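Accompanying notes for the structure given below.
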Number of protein chains: 2
Amino acid sequence: VTSSGADREKPKRADARRNYDLLVEAARKVFADQGGGASMEAIAKQAGVGVGTLYRHFPKRIDVVEAVYRDDVDSLVGLADRAASELDAWAALERWLWGYVEYGRAKRTFLNELHEAFEKNPDLKPASRDRIWAAANQVLRRAQEAGVARADVSGEDLMQLMTPMCMNSTIGNEQGERLTRMVLDGLRTS
Amino acid sequence: VTSSGADREKPKRADARRNYDLLVEAARKVFADQGGGASMEAIAKQAGVGVGTLYRHFPKRIDVVEAVYRDDVDSLVGLADRAASELDAWAALERWLWGYVEYGRAKRTFLNELHEAFEKNPDLKPASRDRIWAAANQVLRRAQEAGVARADVSGEDLMQLMTPMCMNSTIGNEQGERLTRMVLDGLRTS
């Protein structure tokens, strides 16, 4: 009985996880299209579920924002490992930095809402920043050890330059891309 | 009589101007040492004048802040011309960008007080920004025309990257210098 109970549990939990991922994905898309003020109804519609299902997973809209943000941070941190396993040291650094630019772009769409989430949960911001800075150091150090990135800057330095640029709402996407290419050229040893 | 009256006026006006410059210089030094909250007494003492003389030129502390700021903007804008007349295109761009970093450092010491001045005088901030961006374009374009600076960024781009970095109070002086060197390497055509 225990064993068949566990068997019945597993698909359920996997389903719940799939639903959760689906809702987070839908919310990310809706925030990108409509901004962080998008309604729960719009997110549920995008996910193809009833709004009750959405509220069951996320009692408040701020919870959806926090879930999208956490998922984005996880992806960006994971990107450092993925890039390291697939690419050479310079290409991995480059790939990760562009990933950071994309991350910043997404974050900017729900920044006002995210501030609420940060107030509710004061550890969320510093913990995420520490993880992202560690990922920046990981890709940068590897490139420095390979002799392809300048040795006089750290991952923290790089983030201090890129973060305000990526969070500045007056910097358009193309302008941000031009500046990122310039920063990458500055990072690379000639 | 008119002519001798004018003769008597001139040294007076020159004296007043000298006093004004002296007070602005003293205020700049005191703000750098003590921050923008420094007292009128401290500024008068630094200038070696009575506090009454200071109040005659600047009825409120915010007026001193505004005067220092205007003088800093003038110097930075003038630096573009001076550098152009004395240095080659790349060295002039480099010199000006370091001048901008120094300007930002000074501005950071009285940023809170400056916000008040910006509120009082809404044109001050955008007018100053326009002049500084024009100066950035002036030195950058000359370097681009000489083929020593990358062609795909503008003075506005450069300022959008440098300004938040220079205004970020969590970025120390050395970190700012490392990043400025990296930006300059990214700007330079290899």
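Each chain of the structure tokens is named A, B, ... in the order shown, its residues numbered from 1; ligands are numbered from 1 in display order.
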Would you kindly return, as a PDB file with N, CA, C and O atoms, in the first residue's frame, each protein, DNA or RNA residue with an atom no farther than 9 Å from any atom of Gly176 in chain A, considering only C-alpha atoms and excluding same-chain residues fewer than 3 positions away?
```
ATOM      1  N   VAL A 101      22.664  40.632 -19.276  1.00  0.00           N
ATOM      2  CA  VAL A 101      21.926  41.735 -19.908  1.00  0.00           C
ATOM      3  C   VAL A 101      20.454  41.346 -20.103  1.00  0.00           C
ATOM      4  O   VAL A 101      19.546  42.143 -19.809  1.00  0.00           O
ATOM      5  N   MET A 165      23.723  50.083 -15.359  1.00  0.00           N
ATOM      6  CA  MET A 165      23.423  50.242 -16.776  1.00  0.00           C
ATOM      7  C   MET A 165      22.195  49.400 -17.142  1.00  0.00           C
ATOM      8  O   MET A 165      21.291  49.871 -17.837  1.00  0.00           O
ATOM      9  N   CYS A 166      22.159  48.179 -16.660  1.00  0.00           N
ATOM     10  CA  CYS A 166      21.056  47.286 -17.020  1.00  0.00           C
ATOM     11  C   CYS A 166      19.752  47.680 -16.333  1.00  0.00           C
ATOM     12  O   CYS A 166      18.674  47.352 -16.818  1.00  0.00           O
ATOM     13  N   ILE A 171      18.071  53.744 -20.588  1.00  0.00           N
ATOM     14  CA  ILE A 171      18.982  53.125 -21.559  1.00  0.00           C
ATOM     15  C   ILE A 171      18.206  52.113 -22.389  1.00  0.00           C
ATOM     16  O   ILE A 171      17.656  51.146 -21.854  1.00  0.00           O
ATOM     17  N   GLY A 172      18.108  52.362 -23.674  1.00  0.00           N
ATOM     18  CA  GLY A 172      17.375  51.463 -24.558  1.00  0.00           C
ATOM     19  C   GLY A 172      18.140  50.175 -24.800  1.00  0.00           C
ATOM     20  O   GLY A 172      19.332  50.078 -24.487  1.00  0.00           O
ATOM     21  N   ASN A 173      17.454  49.191 -25.370  1.00  0.00           N
ATOM     22  CA  ASN A 173      18.083  47.895 -25.606  1.00  0.00           C
ATOM     23  C   ASN A 173      19.316  47.990 -26.499  1.00  0.00           C
ATOM     24  O   ASN A 173      20.351  47.396 -26.204  1.00  0.00           O
ATOM     25  N   LEU A 179      26.974  49.271 -25.489  1.00  0.00           N
ATOM     26  CA  LEU A 179      27.840  49.450 -24.321  1.00  0.00           C
ATOM     27  C   LEU A 179      28.381  48.110 -23.827  1.00  0.00           C
ATOM     28  O   LEU A 179      29.527  48.021 -23.396  1.00  0.00           O
ATOM     29  N   THR A 180      27.573  47.073 -23.917  1.00  0.00           N
ATOM     30  CA  THR A 180      28.048  45.746 -23.496  1.00  0.00           C
ATOM     31  C   THR A 180      29.172  45.274 -24.404  1.00  0.00           C
ATOM     32  O   THR A 180      30.175  44.716 -23.928  1.00  0.00           O
ATOM     33  N   ARG A 181      29.049  45.525 -25.702  1.00  0.00           N
ATOM     34  CA  ARG A 181      30.148  45.157 -26.616  1.00  0.00           C
ATOM     35  C   ARG A 181      31.419  45.926 -26.261  1.00  0.00           C
ATOM     36  O   ARG A 181      32.524  45.367 -26.289  1.00  0.00           O
TER      37      ARG A 181
ATOM     38  N   ASP B 157      26.090  57.529 -25.156  1.00  0.00           N
ATOM     39  CA  ASP B 157      26.300  56.150 -24.699  1.00  0.00           C
ATOM     40  C   ASP B 157      27.308  56.127 -23.552  1.00  0.00           C
ATOM     41  O   ASP B 157      27.088  55.505 -22.511  1.00  0.00           O
ATOM     42  N   LEU B 161      26.856  55.115 -19.443  1.00  0.00           N
ATOM     43  CA  LEU B 161      27.606  54.077 -18.732  1.00  0.00           C
ATOM     44  C   LEU B 161      28.355  54.663 -17.539  1.00  0.00           C
ATOM     45  O   LEU B 161      28.378  54.086 -16.453  1.00  0.00           O
TER      46      LEU B 161
END
```
Based on only C-alpha atoms, which of the residues in chain B come within 7 Å of chain A? I want them as a list in words.
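Matching residues, ligands excluded from the count: Asp152, Val153, Asp157, Leu161, Pro164, Met165, Gln175, Arg178, Leu179, Met182, Val183, Asp185, Gly186 and Leu187 of chain B.
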Got a sec to tell me which of range 4-176 of chain A DSSP assigns to alpha helix (DSSP H), as a PyMOL selection string?
chain A and resi 4-34+40-47+51-57+61-86+89-109+111-120+124-145+155-167+173-176
Filtering to C-alpha atoms, could you give me those residues as a short mmCIF file (atom, residue, chain, number, x, y, z; two decimals), in the first residue's frame?
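The result, written out as result15.cif:
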```
data_model
loop_
_atom_site.label_atom_id
_atom_site.label_comp_id
_atom_site.auth_asym_id
_atom_site.auth_seq_id
_atom_site.Cartn_x
_atom_site.Cartn_y
_atom_site.Cartn_z
CA SER A 4 1.50 2.19 -4.50
CA GLY A 5 0.68 5.33 -2.46
CA ALA A 6 4.14 6.69 -3.27
CA ASP A 7 3.58 5.74 -6.92
CA ARG A 8 0.38 7.69 -6.98
CA GLU A 9 2.10 10.63 -5.27
CA LYS A 10 4.93 10.97 -7.75
CA PRO A 11 2.96 11.86 -10.87
CA LYS A 12 0.94 14.28 -8.75
CA ARG A 13 4.07 16.07 -7.54
CA ALA A 14 5.54 16.07 -11.02
CA ASP A 15 2.27 17.54 -12.30
CA ALA A 16 2.33 20.25 -9.65
CA ARG A 17 5.91 21.10 -10.57
CA ARG A 18 5.00 21.19 -14.27
CA ASN A 19 2.07 23.49 -13.52
CA TYR A 20 4.27 25.74 -11.44
CA ASP A 21 6.87 25.98 -14.21
CA LEU A 22 4.14 26.63 -16.76
CA LEU A 23 2.70 29.45 -14.66
CA VAL A 24 6.10 31.05 -14.06
CA GLU A 25 6.84 30.87 -17.78
CA ALA A 26 3.46 32.44 -18.62
CA ALA A 27 3.97 35.20 -16.05
CA ARG A 28 7.42 36.00 -17.45
CA LYS A 29 5.93 36.37 -20.93
CA VAL A 30 3.05 38.54 -19.71
CA PHE A 31 5.38 40.78 -17.64
CA ALA A 32 7.64 41.20 -20.67
CA ASP A 33 4.65 42.17 -22.84
CA GLN A 34 2.56 44.19 -20.40
CA MET A 40 -3.53 37.70 -12.53
CA GLU A 41 -6.24 37.08 -15.14
CA ALA A 42 -3.82 37.87 -17.99
CA ILE A 43 -1.25 35.47 -16.54
CA ALA A 44 -3.79 32.67 -16.07
CA LYS A 45 -5.07 33.19 -19.60
CA GLN A 46 -1.53 33.06 -21.00
CA ALA A 47 -0.94 29.81 -19.09
CA VAL A 51 -7.38 32.05 -12.41
CA GLY A 52 -8.22 29.79 -9.41
CA THR A 53 -5.32 27.51 -10.32
CA LEU A 54 -3.00 30.52 -10.45
CA TYR A 55 -4.16 31.75 -7.02
CA ARG A 56 -3.69 28.25 -5.59
CA HIS A 57 0.00 28.40 -6.49
CA ARG A 61 0.51 38.87 -7.44
CA ILE A 62 3.72 39.73 -5.62
CA ASP A 63 4.28 35.97 -5.17
CA VAL A 64 4.23 35.50 -8.95
CA VAL A 65 6.76 38.32 -9.35
CA GLU A 66 9.01 36.76 -6.74
CA ALA A 67 8.76 33.33 -8.40
CA VAL A 68 9.71 34.72 -11.82
CA TYR A 69 12.61 36.63 -10.27
CA ARG A 70 13.90 33.58 -8.36
CA ASP A 71 13.67 31.48 -11.49
CA ASP A 72 15.58 34.13 -13.48
CA VAL A 73 18.32 34.27 -10.85
CA ASP A 74 18.57 30.45 -10.84
CA SER A 75 18.89 30.41 -14.65
CA LEU A 76 21.56 33.09 -14.66
CA VAL A 77 23.57 31.36 -11.95
CA GLY A 78 23.17 28.02 -13.77
CA LEU A 79 24.28 29.66 -17.01
CA ALA A 80 27.78 30.10 -15.56
CA ASP A 81 28.08 26.31 -15.20
CA ARG A 82 26.45 25.51 -18.53
CA ALA A 83 28.63 28.00 -20.39
CA ALA A 84 31.76 26.66 -18.65
CA SER A 85 30.98 23.10 -19.73
CA GLU A 86 30.15 24.00 -23.34
CA ALA A 89 36.82 30.59 -21.36
CA TRP A 90 36.28 33.76 -23.38
CA ALA A 91 33.10 32.60 -25.10
CA ALA A 92 31.70 31.48 -21.74
CA LEU A 93 32.36 34.90 -20.18
CA GLU A 94 30.81 36.61 -23.17
CA ARG A 95 27.77 34.29 -23.13
CA TRP A 96 27.24 34.84 -19.43
CA LEU A 97 27.49 38.61 -19.69
CA TRP A 98 24.86 38.66 -22.44
CA GLY A 99 22.77 36.41 -20.21
CA TYR A 100 23.13 39.03 -17.51
CA VAL A 101 21.93 41.74 -19.91
CA GLU A 102 18.83 39.63 -20.72
CA TYR A 103 18.27 39.01 -17.03
CA GLY A 104 18.42 42.77 -16.38
CA ARG A 105 15.98 43.43 -19.19
CA ALA A 106 13.44 41.03 -17.70
CA LYS A 107 13.98 42.39 -14.20
CA ARG A 108 13.37 45.93 -15.42
CA THR A 109 9.86 45.00 -16.57
CA LEU A 111 11.14 46.32 -10.99
CA ASN A 112 8.45 48.25 -9.09
CA GLU A 113 6.73 45.04 -8.08
CA LEU A 114 10.06 43.47 -7.18
CA HIS A 115 10.81 46.27 -4.72
CA GLU A 116 7.70 45.17 -2.81
CA ALA A 117 8.95 41.60 -2.79
CA PHE A 118 12.34 42.79 -1.50
CA GLU A 119 10.64 44.71 1.29
CA LYS A 120 8.58 41.68 2.27
CA LEU A 124 16.01 37.98 -1.13
CA LYS A 125 17.95 40.85 -2.71
CA PRO A 126 21.36 40.41 -1.01
CA ALA A 127 21.21 36.61 -1.34
CA SER A 128 20.46 36.86 -5.06
CA ARG A 129 23.15 39.46 -5.58
CA ASP A 130 25.74 37.29 -3.80
CA ARG A 131 24.89 34.33 -6.04
CA ILE A 132 25.06 36.43 -9.20
CA TRP A 133 28.36 38.04 -8.21
CA ALA A 134 29.78 34.58 -7.48
CA ALA A 135 28.70 33.47 -10.97
CA ALA A 136 30.34 36.58 -12.47
CA ASN A 137 33.55 35.76 -10.63
CA GLN A 138 33.36 32.15 -11.79
CA VAL A 139 33.25 33.00 -15.50
CA LEU A 140 35.65 35.93 -15.19
CA ARG A 141 38.29 34.03 -13.21
CA ARG A 142 38.30 31.20 -15.70
CA ALA A 143 38.89 33.71 -18.51
CA GLN A 144 41.60 35.44 -16.46
CA GLU A 145 43.32 32.11 -15.78
CA GLY A 155 33.43 40.00 -10.97
CA GLU A 156 32.25 42.56 -8.40
CA ASP A 157 33.81 45.38 -10.45
CA LEU A 158 32.09 44.12 -13.56
CA MET A 159 28.73 43.88 -11.85
CA GLN A 160 29.08 47.38 -10.36
CA LEU A 161 29.46 48.69 -13.89
CA MET A 162 26.83 46.54 -15.59
CA THR A 163 24.07 46.56 -12.96
CA PRO A 164 23.21 50.27 -12.99
CA MET A 165 23.42 50.24 -16.78
CA CYS A 166 21.06 47.29 -17.02
CA MET A 167 18.63 48.73 -14.46
CA ASN A 173 18.08 47.90 -25.61
CA GLU A 174 20.34 48.84 -28.52
CA GLN A 175 22.28 51.34 -26.45
CA GLY A 176 22.77 48.69 -23.77
#
```
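Straight-line separation from CA of Ser39 in chain B to CA of Pro59 in chain B: 13.1 Å.
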